[in-house]
Structure formats: structure tokens, C-alpha cells
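Asker: What follows is the file model-v2.txt, containing compact mmCIF, C-alpha atoms:
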# COMPACT_ATOMS: atom_id res chain seq x y z
CA MET A 1 -6.79 68.09 -116.71
CA PHE A 2 -9.84 67.45 -114.76
CA THR A 3 -9.44 67.81 -110.97
CA PRO A 4 -12.20 66.21 -108.88
CA PRO A 5 -13.65 68.29 -106.12
CA PRO A 6 -12.52 67.52 -102.52
CA SER A 7 -14.49 64.94 -100.47
CA PRO A 8 -16.79 66.41 -97.90
CA GLN A 9 -15.54 66.19 -94.25
CA PRO A 10 -17.62 64.06 -91.86
CA ALA A 11 -19.91 65.96 -89.66
CA ARG A 12 -18.47 66.61 -86.20
CA THR A 13 -20.61 65.69 -83.29
CA THR A 14 -20.02 66.97 -79.78
CA ALA A 15 -20.08 64.19 -77.09
CA ARG A 16 -22.69 64.84 -74.50
CA PRO A 17 -22.18 63.63 -70.94
CA ILE A 18 -24.34 60.73 -69.90
CA ALA A 19 -26.77 61.81 -67.29
CA ILE A 20 -26.56 59.45 -64.26
CA PRO A 21 -29.61 59.48 -62.08
CA GLU A 22 -28.98 60.94 -58.64
CA SER A 23 -30.45 57.90 -56.88
CA ARG A 24 -27.94 55.54 -58.53
CA SER A 25 -25.10 57.82 -57.45
CA ASN A 26 -26.23 57.74 -53.84
CA ASP A 27 -26.56 53.95 -53.89
CA SER A 28 -23.05 53.57 -55.22
CA ARG A 29 -21.67 55.88 -52.58
CA GLU A 30 -23.46 53.96 -49.81
CA ALA A 31 -22.19 50.67 -51.20
CA MET A 32 -18.63 51.93 -51.13
CA GLU A 33 -19.02 53.17 -47.57
CA SER A 34 -20.57 49.87 -46.50
CA TYR A 35 -17.76 47.94 -48.12
CA SER A 36 -15.16 50.16 -46.43
CA SER A 37 -16.77 49.75 -42.99
CA SER A 38 -17.07 45.98 -43.49
CA LEU A 39 -13.43 45.81 -44.49
CA GLU A 40 -12.42 47.85 -41.44
CA ALA A 41 -14.50 45.58 -39.16
CA LYS A 42 -12.78 42.51 -40.57
CA ARG A 43 -9.42 44.11 -40.04
CA TRP A 44 -10.34 44.94 -36.42
CA THR A 45 -11.58 41.38 -35.85
CA GLY A 46 -8.41 40.03 -37.36
CA ARG A 47 -6.28 42.18 -35.06
CA ARG A 48 -8.35 41.09 -32.07
CA PHE A 49 -8.03 37.46 -33.09
CA ARG A 50 -4.27 37.72 -33.44
CA TRP A 51 -3.97 39.35 -30.00
CA ALA A 52 -6.23 36.68 -28.49
CA VAL A 53 -4.15 33.90 -30.05
CA VAL A 54 -1.08 35.40 -28.42
CA LEU A 55 -2.44 36.58 -25.06
CA VAL A 56 -4.86 33.80 -24.04
CA PRO A 57 -2.26 31.00 -24.14
CA LEU A 58 0.14 33.25 -22.23
CA VAL A 59 -2.48 33.88 -19.54
CA ILE A 60 -3.23 30.15 -19.27
CA ILE A 61 0.49 29.33 -19.08
CA PHE A 62 0.93 31.95 -16.35
CA ILE A 63 -1.99 30.64 -14.29
CA THR A 64 -0.86 27.02 -14.71
CA ALA A 65 2.69 27.90 -13.72
CA ARG A 66 1.45 29.77 -10.65
CA ILE A 67 -0.75 26.84 -9.61
CA GLY A 68 2.15 24.45 -10.13
CA TYR A 69 4.42 26.66 -8.07
CA LYS A 70 1.94 26.82 -5.19
CA THR A 71 1.33 23.06 -5.37
CA SER A 72 5.05 22.34 -5.29
CA ARG A 73 5.45 24.69 -2.32
CA VAL A 74 2.64 22.93 -0.45
CA ALA A 75 4.05 19.51 -1.30
CA GLN A 76 7.49 20.61 -0.20
CA GLU A 77 6.16 21.97 3.08
CA SER A 78 4.03 18.88 3.61
CA SER A 79 7.04 16.61 3.18
CA GLN A 80 8.87 18.46 5.92
CA PRO A 81 8.36 17.40 9.55
CA LEU A 82 6.90 20.72 10.66
CA LEU A 83 3.14 21.04 10.42
CA PRO A 84 1.79 23.65 7.99
CA ILE A 85 -0.92 24.87 10.35
CA SER A 86 -0.88 25.94 13.98
CA TRP A 87 -1.87 22.74 15.70
CA HIS A 88 -2.32 22.20 19.39
CA GLY A 89 0.39 20.14 20.94
CA PHE A 90 3.30 21.14 18.68
CA GLU A 91 5.98 23.46 19.87
CA GLU A 92 7.99 25.85 17.73
CA GLY A 93 10.93 24.04 16.19
CA SER A 94 9.66 20.57 17.05
CA SER A 95 10.05 17.83 14.48
CA TRP A 96 8.79 14.35 13.73
CA ARG A 97 11.24 11.57 14.24
CA HIS A 98 11.10 7.83 14.71
CA HIS A 99 10.54 7.06 18.38
CA LYS A 100 8.81 4.59 20.63
CA ARG A 101 5.10 4.75 21.29
CA HIS A 102 4.23 6.32 24.60
CA PRO A 103 0.94 7.22 26.30
CA GLU A 104 -0.17 10.81 26.08
CA PRO A 105 -1.31 12.43 29.33
CA GLU A 106 -4.80 13.84 29.19
CA PRO A 107 -6.16 16.87 31.08
CA ALA A 108 -7.90 15.95 34.29
CA PRO A 109 -11.71 16.05 34.43
CA GLN A 110 -13.18 18.74 36.63
CA GLY A 111 -13.58 17.70 40.22
CA GLN A 112 -11.00 14.90 39.93
CA SER A 113 -8.57 14.48 42.79
CA SER A 114 -4.99 13.23 42.78
CA VAL A 115 -3.60 15.73 40.30
CA SER A 116 -0.12 17.04 39.79
CA SER A 117 1.01 20.32 38.25
CA SER A 118 3.23 20.42 35.21
CA PRO A 119 5.65 23.29 34.53
CA SER A 120 3.02 24.89 32.29
CA GLY A 121 0.49 24.86 35.09
CA SER A 122 -1.84 22.23 33.62
CA SER A 123 -3.19 19.48 35.85
CA LEU A 124 -2.75 15.85 34.96
CA VAL A 125 -4.61 12.94 36.43
CA SER A 126 -2.52 10.32 38.10
CA ALA A 127 -2.33 7.55 35.52
CA SER A 128 -1.99 4.79 38.09
CA ALA A 129 -5.04 5.91 40.06
CA THR A 130 -7.17 6.24 36.95
CA THR A 131 -6.01 2.92 35.56
CA THR A 132 -6.90 1.25 38.84
CA ALA A 133 -10.33 2.88 38.88
CA THR A 134 -10.97 1.87 35.27
CA ALA A 135 -9.89 -1.69 35.92
CA ALA A 136 -12.17 -1.87 38.97
CA SER A 137 -15.07 -0.48 37.01
CA SER A 138 -14.49 -2.98 34.23
CA ALA A 139 -14.26 -5.87 36.64
CA SER A 140 -17.45 -4.86 38.48
CA SER A 141 -19.56 -5.12 35.33
CA SER A 142 -17.71 -7.76 33.35
CA SER A 143 -19.98 -10.49 34.74
CA ILE A 144 -23.15 -8.64 33.75
CA PRO A 145 -24.28 -9.18 30.16
CA VAL A 146 -24.25 -5.92 28.26
CA SER A 147 -27.89 -6.40 27.25
CA SER A 148 -28.80 -6.38 30.95
CA GLN A 149 -26.90 -3.21 31.80
CA PRO A 150 -28.78 0.12 31.89
CA VAL A 151 -27.71 2.68 29.32
CA PRO A 152 -26.27 5.70 31.17
CA VAL A 153 -27.50 9.15 30.21
CA ILE A 154 -25.16 11.59 28.48
CA PRO A 155 -22.97 13.24 31.15
CA ALA A 156 -23.69 16.90 31.76
CA SER A 157 -20.10 17.43 32.94
CA PRO A 158 -16.82 15.59 32.43
CA PRO A 159 -17.32 12.08 33.82
CA THR A 160 -15.07 10.93 36.63
CA SER A 161 -14.61 7.59 34.88
CA LEU A 162 -13.02 9.15 31.80
CA PRO A 163 -10.05 6.84 31.14
CA THR A 164 -6.59 8.36 31.26
CA PRO A 165 -4.70 7.91 29.06
CA PHE A 166 -7.58 7.87 26.61
CA PRO A 167 -7.96 4.83 24.30
CA GLN A 168 -6.06 5.27 21.06
CA PRO A 169 -5.99 3.54 17.67
CA PHE A 170 -3.36 0.83 17.26
CA ASP A 171 -3.05 0.56 21.04
CA GLY A 172 -1.68 -2.93 20.61
CA THR A 173 1.49 -3.72 18.69
CA LEU A 174 1.75 -1.58 15.57
CA ALA A 175 2.15 -4.03 12.70
CA GLN A 176 5.27 -3.49 10.63
CA ASN A 177 4.05 -4.96 7.36
CA PHE A 178 5.05 -1.91 5.34
CA SER A 179 6.98 -1.91 2.10
CA SER A 180 8.62 1.47 2.70
CA LEU A 181 10.31 3.13 5.63
CA THR A 182 8.45 6.38 4.94
CA CYS A 183 5.10 4.68 5.56
CA SER A 184 6.32 2.98 8.73
CA ASN A 185 7.66 6.27 10.07
CA PHE A 186 4.44 8.03 9.14
CA PHE A 187 2.29 5.66 11.22
CA THR A 188 4.66 5.79 14.17
CA ASN A 189 4.80 9.57 14.16
CA MET A 190 1.08 10.08 13.53
CA THR A 191 -0.06 7.80 16.34
CA ASN A 192 2.28 9.55 18.79
CA SER A 193 1.53 13.15 17.77
CA ALA A 194 -0.68 15.33 19.96
CA PRO A 195 -2.77 16.67 17.04
CA PHE A 196 -3.86 13.10 16.31
CA ARG A 197 -4.25 11.75 19.83
CA GLN A 198 -6.10 14.77 21.23
CA CYS A 199 -8.80 14.50 18.55
CA ARG A 200 -9.76 10.95 19.63
CA PRO A 201 -11.11 9.90 16.21
CA PHE A 202 -14.11 7.60 16.64
CA SER A 203 -13.63 6.31 13.10
CA MET A 204 -10.23 4.87 13.98
CA LEU A 205 -11.12 3.78 17.52
CA LEU A 206 -13.96 1.66 16.16
CA GLN A 207 -11.63 0.15 13.57
CA SER A 208 -8.32 -0.42 15.36
CA SER A 209 -8.46 0.14 19.14
CA THR A 210 -8.40 -2.96 21.31
CA GLN A 211 -9.25 -0.96 24.44
CA PHE A 212 -12.27 0.61 22.73
CA ILE A 213 -13.59 -2.77 21.57
CA ASN A 214 -13.12 -4.33 25.02
CA ALA A 215 -14.93 -1.41 26.66
CA GLN A 216 -18.14 -2.36 24.85
CA THR A 217 -18.84 -4.89 27.61
CA ASN A 218 -19.09 -2.02 30.12
CA LEU A 219 -21.67 0.59 29.14
CA THR A 220 -20.61 2.99 31.92
CA LEU A 221 -17.04 3.01 30.66
CA MET A 222 -18.18 3.16 27.03
CA ASN A 223 -20.43 6.11 27.85
CA SER A 224 -17.40 8.00 29.17
CA ILE A 225 -15.34 7.10 26.10
CA ILE A 226 -18.02 8.30 23.68
CA TRP A 227 -18.34 11.50 25.70
CA GLY A 228 -14.58 11.91 25.40
CA THR A 229 -14.65 11.54 21.61
CA CYS A 230 -17.42 14.13 21.36
CA ASN A 231 -15.85 16.62 23.81
CA THR A 232 -12.19 17.05 22.99
CA ASN A 233 -9.91 19.83 24.19
CA VAL A 234 -9.31 20.72 20.53
CA ASP A 235 -12.07 22.34 18.49
CA LEU A 236 -13.88 20.03 16.08
CA SER A 237 -13.01 22.24 13.10
CA GLN A 238 -9.32 22.01 14.03
CA CYS A 239 -9.56 18.23 14.33
CA GLU A 240 -11.16 18.06 10.90
CA GLN A 241 -8.17 19.95 9.50
CA ASN A 242 -5.78 17.70 11.41
CA MET A 243 -7.30 14.50 10.05
CA GLY A 244 -7.39 15.96 6.55
CA TRP A 245 -3.70 16.81 6.81
CA PHE A 246 -2.84 13.29 7.98
CA ALA A 247 -4.91 11.78 5.15
CA ASP A 248 -3.14 13.89 2.53
CA ASN A 249 0.29 13.01 3.90
CA LEU A 250 -0.56 9.32 4.16
CA LYS A 251 -1.20 9.33 0.41
CA THR A 252 2.35 10.57 -0.13
CA ALA A 253 4.20 8.62 2.55
CA CYS A 254 2.38 5.34 1.86
CA ASP A 255 1.98 5.68 -1.90
CA GLN A 256 3.59 2.30 -2.52
CA GLU A 257 1.45 0.58 0.13
CA LEU A 258 -1.75 2.07 -1.26
CA LYS A 259 -0.88 0.80 -4.74
CA GLN A 260 -0.29 -2.65 -3.23
CA LEU A 261 -3.64 -2.40 -1.36
CA ASN A 262 -1.92 -2.76 1.99
CA SER A 263 -4.74 -3.29 4.47
CA MET A 264 -3.44 -0.96 7.18
CA ALA A 265 -2.75 1.86 4.74
CA THR A 266 -6.10 1.63 2.91
CA THR A 267 -8.29 1.23 6.00
CA THR A 268 -6.50 4.03 7.85
CA LEU A 269 -6.94 6.39 4.90
CA THR A 270 -10.65 5.53 4.79
CA ALA A 271 -11.02 6.16 8.53
CA LEU A 272 -9.18 9.48 8.40
CA GLN A 273 -11.38 10.68 5.53
CA ALA A 274 -14.53 9.57 7.41
CA PHE A 275 -13.56 11.39 10.63
CA GLN A 276 -16.24 14.09 10.46
CA VAL A 277 -19.24 11.99 9.47
CA MET A 278 -18.40 9.24 11.98
CA HIS A 279 -17.91 11.83 14.71
CA ASP A 280 -21.40 13.12 13.94
CA VAL A 281 -23.07 9.69 14.15
CA ALA A 282 -21.13 8.69 17.29
CA CYS A 283 -22.31 11.83 19.10
CA GLN A 284 -25.92 11.48 17.97
CA ALA A 285 -28.28 11.47 20.98
CA ASP A 286 -31.60 9.71 21.44
CA PRO A 287 -33.91 12.59 22.45
CA THR A 288 -36.38 10.28 24.18
CA SER A 289 -33.82 8.93 26.66
CA ASN A 290 -30.95 11.46 26.52
CA THR A 291 -28.51 8.63 25.78
CA TYR A 292 -25.98 8.14 23.01
CA CYS A 293 -27.49 6.30 20.05
CA TYR A 294 -24.32 4.28 19.68
CA LEU A 295 -24.66 2.91 23.23
CA ASN A 296 -28.25 1.91 22.48
CA ALA A 297 -26.99 -0.05 19.49
CA VAL A 298 -24.24 -1.72 21.53
CA ARG A 299 -26.72 -2.75 24.21
CA ASN A 300 -29.26 -4.07 21.72
CA SER A 301 -29.23 -7.83 21.43
CA ASN A 302 -29.89 -7.40 17.70
CA PRO A 303 -26.44 -6.60 16.23
CA ALA A 304 -27.93 -5.06 13.08
CA ASP A 305 -28.07 -1.57 14.58
CA SER A 306 -24.34 -1.61 15.36
CA TYR A 307 -23.49 -2.18 11.71
CA TYR A 308 -24.95 1.20 10.76
CA TYR A 309 -22.03 2.94 12.46
CA ALA A 310 -19.44 1.13 10.32
CA LEU A 311 -20.85 2.04 6.90
CA PRO A 312 -18.25 4.81 6.25
CA LEU A 313 -15.51 2.21 6.80
CA GLY A 314 -16.85 0.11 3.93
CA ILE A 315 -18.66 -2.44 6.15
CA PRO A 316 -22.31 -2.82 5.08
CA VAL A 317 -25.22 -4.11 7.13
CA PRO A 318 -25.42 -7.84 6.30
CA SER A 319 -28.24 -8.65 3.92
CA SER A 320 -29.49 -11.31 6.33
CA SER A 321 -29.98 -8.76 9.11
CA GLN A 322 -33.32 -7.41 10.24
CA PRO A 323 -33.01 -3.75 11.37
CA THR A 324 -34.92 -2.61 14.43
CA CYS A 325 -36.10 0.56 12.65
CA SER A 326 -35.15 2.74 15.60
CA ALA A 327 -35.24 6.53 15.50
CA CYS A 328 -31.47 6.51 15.97
CA SER A 329 -30.91 4.39 12.86
CA LYS A 330 -33.08 6.79 10.88
CA SER A 331 -31.02 9.75 12.11
CA VAL A 332 -27.77 7.97 11.24
CA MET A 333 -28.92 7.26 7.68
CA SER A 334 -29.99 10.89 7.32
CA ILE A 335 -26.53 12.06 8.40
CA TYR A 336 -24.93 9.76 5.82
CA ALA A 337 -27.19 11.02 3.03
CA SER A 338 -26.34 14.63 3.86
CA ALA A 339 -22.62 13.87 3.99
CA LEU A 340 -22.63 12.14 0.59
CA THR A 341 -24.25 15.17 -1.04
CA ASP A 342 -21.94 17.63 0.70
CA PRO A 343 -19.37 19.09 -1.76
CA VAL A 344 -16.61 18.93 0.87
CA GLN A 345 -17.26 15.58 2.55
CA GLY A 346 -18.86 13.68 -0.31
CA PRO A 347 -15.82 13.24 -2.59
CA GLN A 348 -13.84 11.80 0.36
CA LEU A 349 -16.39 9.12 1.32
CA ALA A 350 -15.67 6.48 -1.30
CA ALA A 351 -16.34 3.59 1.10
CA LEU A 352 -19.67 5.02 2.25
CA LYS A 353 -20.76 5.38 -1.38
CA THR A 354 -20.46 1.61 -1.82
CA THR A 355 -22.32 0.68 1.39
CA TYR A 356 -25.02 3.31 1.75
CA GLU A 357 -27.46 2.39 -1.03
CA PRO A 358 -27.52 -1.39 -0.34
CA THR A 359 -28.10 -0.65 3.35
CA ALA A 360 -30.76 1.94 2.54
CA ALA A 361 -32.57 -0.57 0.32
CA LEU A 362 -32.48 -3.19 3.09
CA THR A 363 -33.66 -0.65 5.65
CA VAL A 364 -36.57 0.52 3.52
CA GLN A 365 -37.59 -3.08 2.98
CA PHE A 366 -38.21 -3.51 6.73
CA CYS A 367 -38.89 0.04 7.90
CA GLY A 368 -40.83 1.71 5.10
CA ALA A 369 -40.08 4.03 2.19
CA ASN A 370 -39.77 7.15 4.34
CA PHE A 371 -37.18 5.68 6.69
CA ALA A 372 -34.13 6.30 4.46
CA GLN A 373 -33.27 7.93 1.17
CA THR A 374 -32.44 5.05 -1.15
CA THR A 375 -30.75 7.02 -3.93
CA VAL A 376 -28.17 9.70 -3.23
CA SER A 377 -26.43 11.75 -5.89
CA ALA A 378 -22.79 12.00 -4.91
CA ALA A 379 -21.50 15.56 -4.73
CA SER A 380 -18.82 16.77 -7.14
CA PRO A 381 -15.79 18.71 -5.94
CA SER A 382 -16.33 22.45 -6.16
CA PHE A 383 -14.29 24.48 -8.63
CA SER A 384 -11.35 26.41 -7.28
CA ARG A 385 -10.54 29.97 -8.24
CA SER A 386 -7.84 28.80 -10.59
CA SER A 387 -10.25 26.44 -12.36
CA TRP A 388 -12.72 29.27 -12.86
CA ALA A 389 -9.94 31.52 -14.18
CA ILE A 390 -8.80 28.96 -16.74
CA SER A 391 -12.39 28.26 -17.77
CA GLY A 392 -12.98 32.00 -18.22
CA CYS A 393 -9.91 32.36 -20.43
CA LEU A 394 -10.96 29.41 -22.57
CA ALA A 395 -14.47 30.87 -22.90
CA ILE A 396 -13.05 34.21 -24.09
CA PHE A 397 -10.80 32.40 -26.56
CA ALA A 398 -13.74 30.39 -27.94
CA TRP A 399 -15.87 33.54 -28.23
CA THR A 400 -13.09 35.28 -30.15
CA ILE A 401 -12.80 32.43 -32.64
CA LEU A 402 -16.56 32.32 -33.17
CA ALA A 403 -16.66 36.08 -33.67
CA HIS A 404 -13.89 35.83 -36.24
CA ALA A 405 -15.62 33.00 -38.04
CA SER A 406 -18.83 34.99 -38.30
If you took the structure in this file and wrote it as C-alpha cells, what would it be?

Answerer:
Amino acid sequence: MFTPPPSPQPARTTARPIAIPESRSNDSREAMESYSSSLEAKRWTGRRFRWAVVLVPLVIIFITARIGYKTSRVAQESSQPLLPISWHGFEEGSSWRHHKRHPEPEPAPQGQSSVSSSPSGSSLVSASATTTATAASSASSSSIPVSSQPVPVIPASPPTSLPTPFPQPFDGTLAQNFSSLTCSNFFTNMTNSAPFRQCRPFSMLLQSSTQFINAQTNLTLMNSIIWGTCNTNVDLSQCEQNMGWFADNLKTACDQELKQLNSMATTTLTALQAFQVMHDVACQADPTSNTYCYLNAVRNSNPADSYYYALPLGIPVPSSSQPTCSACSKSVMSIYASALTDPVQGPQLAALKTTYEPTAALTVQFCGANFAQTTVSAASPSFSRSSWAISGCLAIFAWTILAHAS
């Protein structure tokens, strides 16, 4: 039998390793490292984002709660009869309560006779003697037209004719047209409290004092009254705080009346908020004559100048008026422009904002472009610390989100 020979085995080949260029190996290694670092960066950003999502709202909630707590404490303290600041005229443990109106004794001017000593050692002018002297002074000049009376110079010392008790707002019968007992009690207590009466607010005297209005027929008496409003026994800064406190509490006590546009509530709030700027214009002096500018306006037969002093109360100069273009009127308009741009006063002077520009336009029409600033940018309230803190937290939160998105 024929046996075929065996088939030849296939040739064996030894696999040789593929030679990878060294440059490609380095590139691959760098790519892996870059990918790893990028992945780690994304993980770190993700962790930071998650912490920010948790922490930032907690910080904002904490700040808001703290602000709310402080606000509630202030509101609670404000609603209580005790004053939150150390005011002159209030004794420890005293309280506000509904009581009759009564005149407040004023300290005696220097050199005045007929004084009596109180238990605290302070001297008080005899009310009857002063009232008699004031009445005599009023009677002596009542027959002389005010335009014919000389304007007295600003007293260098306390005038002997300073009326005691001093004229006060609502010196007539206090109207009881209130919708709430809280508002009625507020007005009664405010007008009888020493912190209010001792500050002698010109803004409210001009608006609601019968004695102040009647005194405008006697320039000697009016000169003493203006001196008294400009030289109180309480520091001006303290009076500014006092009037601000009364304005804030009026908003709470007379909330219903303000919503109903009750005339007494709205005009009193306006006058309290305008205390500082109206004090400044009332005490403005004419350097050429050393007299109060306000007395010059009262004496002037042209009533236009007098209207300038009522602008912060929402009373404009009538469009039919012709201003005298006096240096005093220019100074008054400059004071108003500065007050409107002041970050503290400006936001409180809503009435002046409505009357200033029309009056400035009328004034410039008669007195020239440089007499008054016709356009005034109202100041915005300044940010508080809490507002800046919340804004900072929100900025960090926004930055974190943008960083994560990138």
C-alpha cells in the first residue's frame, strides 16, 4: 500500500513587538495627566458648589433672622411709653399717658428779674410777668403796619422779650378728628412732652401755631421767637433725633389716619421730617444787615419771599408771584438743593421734592440762571451693613455658579 508522505508544517514566525515612538508615548502620558487633573478640578468645583448651595442660603437666613429680630425689638421698644434714647426732660421710670395740655415752663433768659427757684435749682421766669410784658409789647406795635417796622438785628444774648411759655404747635384746641385712639393719644402726649416742646420746631410753628402766626405783626416779638427756635436748651443734633423718633412713631400710631390721608396726621409727619432743613432756613442770617432772613421776608410787602420758607411743607411759591431775587432767597434755595441731595435728609423730604423744581424754574425766570439750581437729583438711602452683607453673600453665590458653569 502506498502511504503518502506527511504534509509540511507551516513555518513558525516569532511576533516582534511594535516599536512605539517615544514622542507618542510622552503625549499619551501627558494627555492622561491632563485628563486626571481636569477631572479632579471638576470634582473640587462640584464640592465647592454643593457647599455654597448649602452654606450661602443658611448665611442669608441667619442675617435676615437677625435683622428681623432687631427690628422687632426696636418696634417693641418704640411701642412702649419709655423713650429709647436719653432725652432731656424725661425722668427714669416716667411714662406717657393721656392727660390735659399744660404750658411748659421755660428757663429764664439771662439778666431777667422776677425768678423763682425750683427744687432742682433752675430758675423760671414768672409766667404772669412775662405774659403781661408780651401783651404790652404786642399792643404797642399792633397799630404799626409790619412793613413800616424796622427789622431788629439778631440778638447777641438771650432777648428779654423771649415769650414764656414759648409758642407751641397746636396751641389752640387740638382737633379730635382721629379714627383711632392710639393716634389721638400720640398727639396729646407728643405735644406735652419736654423733648418735643424744648426743641421749638419752626416747621410746626409755621404750620400750626396760632401764637406764632399772630406774632408776625410784631417784628420785635417775632425776632425773639426766631432766636428762641435757633437757640434751644437742647442740642440741635438731639432735637433732630427727637423729631425723627416722633416721626417714626407717628407712622405706627397713626397708620390708619395716614392711609385715610387725615390732614393733621399727614401735615404733622411732613413737618417733623422737615425739622432740620426748616430750622436751617429759619436761622439763616442776612450778612449785610445782621438780621434774620425770615424777618426780612415777613416785613416785605411782596409776599412772594415768605412762600420760600414753606416749600418743605408742600406749599409752592404761586406761579403768579414775582420774587424779589434777594440774597436771602438765593441762600434758602441753596439750602434746599443741598438737603435734597443729602443721603440722610433727602429721602425724608417728599413734599420739598414736589415744590422745589417748580419754584426754582419760576425763580430763574425772574432772577437769572445762576440764582437757583433748577434740577436736583434726589439722594437714595444709603445701604446698611446688613444690606451690604446680603449683597456680598449673593455675589459669592453668583460667582460660584458661574465658576461651576465654566

Asker: A:Asn177, A:Ser184, A:Ala304, A:Pro169: which is nearest Phe212 of chain A, counting all atoms listed in the file?

Answerer: A:Pro169

Asker: Go through A:Thr164, A:Asn223, A:Gln322, A:Phe196 and flag the residue nearest Ala247 of chain A, using all atoms listed in the file for the distances.

Answerer: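 Checking each of A:Thr164, A:Asn223, A:Gln322, A:Phe196 against Ala247 of chain A, counting all atoms listed in the file, the winner is A:Phe196.
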
Asker: Atom CA of Pro318 of chain A and atom CA of Met204 of chain A, how far apart in Å?

Answerer: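 Separation between atom CA of Met204 of chain A and atom CA of Pro318 of chain A: 21.2 Å.
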
Asker: Using all atoms listed in the file, which of the listed residues (A:Pro152, A:Pro167, A:Gly244, A:Pro145) sits closest to Cys293 of chain A?

Answerer: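 Distance minimum relative to Cys293 of chain A lands on A:Pro152.
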
Asker: Find the residues near Leu181 of chain A: any atom within 10 Å, counting all atoms listed in the file, skip ones fewer than 5 places away on the same chain, and give them as a compact mmCIF listing (two decimals) with C-alpha atoms, in the frame of the given file.

Answerer:
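To be explicit, this is the file written out as around-v6.txt:
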# COMPACT_ATOMS: atom_id res chain seq x y z
CA GLN A 176 5.27 -3.49 10.63
CA PHE A 186 4.44 8.03 9.14
CA ALA A 253 4.20 8.62 2.55
CA CYS A 254 2.38 5.34 1.86

Asker: For Ala339 of chain A, work out the shell of residues within 9 Å, counting all atoms listed in the file and skipping chain neighbours fewer than 5 positions away, then give it as a PyMOL selection string.

Answerer: chain A and resi 277+334+344-346+349+379

Asker: Which is closer to Pro159 of chain A than all the others in A:Thr220, A:Thr359, A:Ala175, A:Ser208, using all atoms listed in the file?

Answerer: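 That would be A:Thr220, the residue with the smallest distance to Pro159 of chain A.
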
Asker: Would you compute the distance between atom CA of Phe371 of chain A and atom CA of Asn296 of chain A? Give it in Å to one decimal.

Answerer: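 Separation of atom CA of Phe371 of chain A and atom CA of Asn296 of chain A: 18.5 Å.
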
Asker: In terms of the shortest atom-to-atom distance over only C-alpha atoms, which of A:Tyr292, A:Phe187, A:Phe178, A:Tyr356 is closest to Ile315 of chain A?

Answerer: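 When distances to Ile315 of chain A are compared using only C-alpha atoms, the smallest one comes from A:Tyr356.
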
Asker: Which residues are near segment 305-312 of chain A? Cut-off 6 Å, all atoms listed in the file, ignore same chain within fewer than 5 positions. Put them as a list in words.

Answerer: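 My list of contacting residues is Ala297, Val317, Ala351, Leu352 and Thr355 of chain A.
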
Asker: Which distance in Å separates atom CA of Leu272 of chain A and atom CA of Leu250 of chain A, to one decimal?

Answerer: 9.6 Å

Asker: Up to 12 Å from (-6.0, 5.7, 22.4) in the file's coordinates: name the residues, counting all atoms listed in the file, as number ranges by chain.

Answerer: A: 101-106, 163-172, 191-194, 196-202, 204-213, 225, 228-229

Asker: Determine, counting only C-alpha atoms, which protein, DNA and RNA residues have an atom within 12 Å of an atom of Cys183 of chain A; residues of the same chain fewer than 6 positions away are not included. Present the result as a ChimeraX atom specification.

Answerer: /A:98,175-177,189-190,246,249-258,262,264-266,268

Asker: In terms of the shortest atom-to-atom distance over only C-alpha atoms, which of A:Thr182, A:Ser203, A:Ser326, A:Ser321 is closest to Met278 of chain A?

Answerer: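 For Met278 of chain A, the nearest of the given residues is A:Ser203.
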
Asker: When you look at Thr375 of chain A with a cut-off of 9 Å (counting all atoms listed in the file), what residues show up, excluding the ones that are within fewer than 6 positions of it in the same chain? I need them as a list in words.

Answerer: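 Surrounding residues, per the criterion: Ala337, Tyr356, Glu357, Ala360 and Ala361 of chain A.
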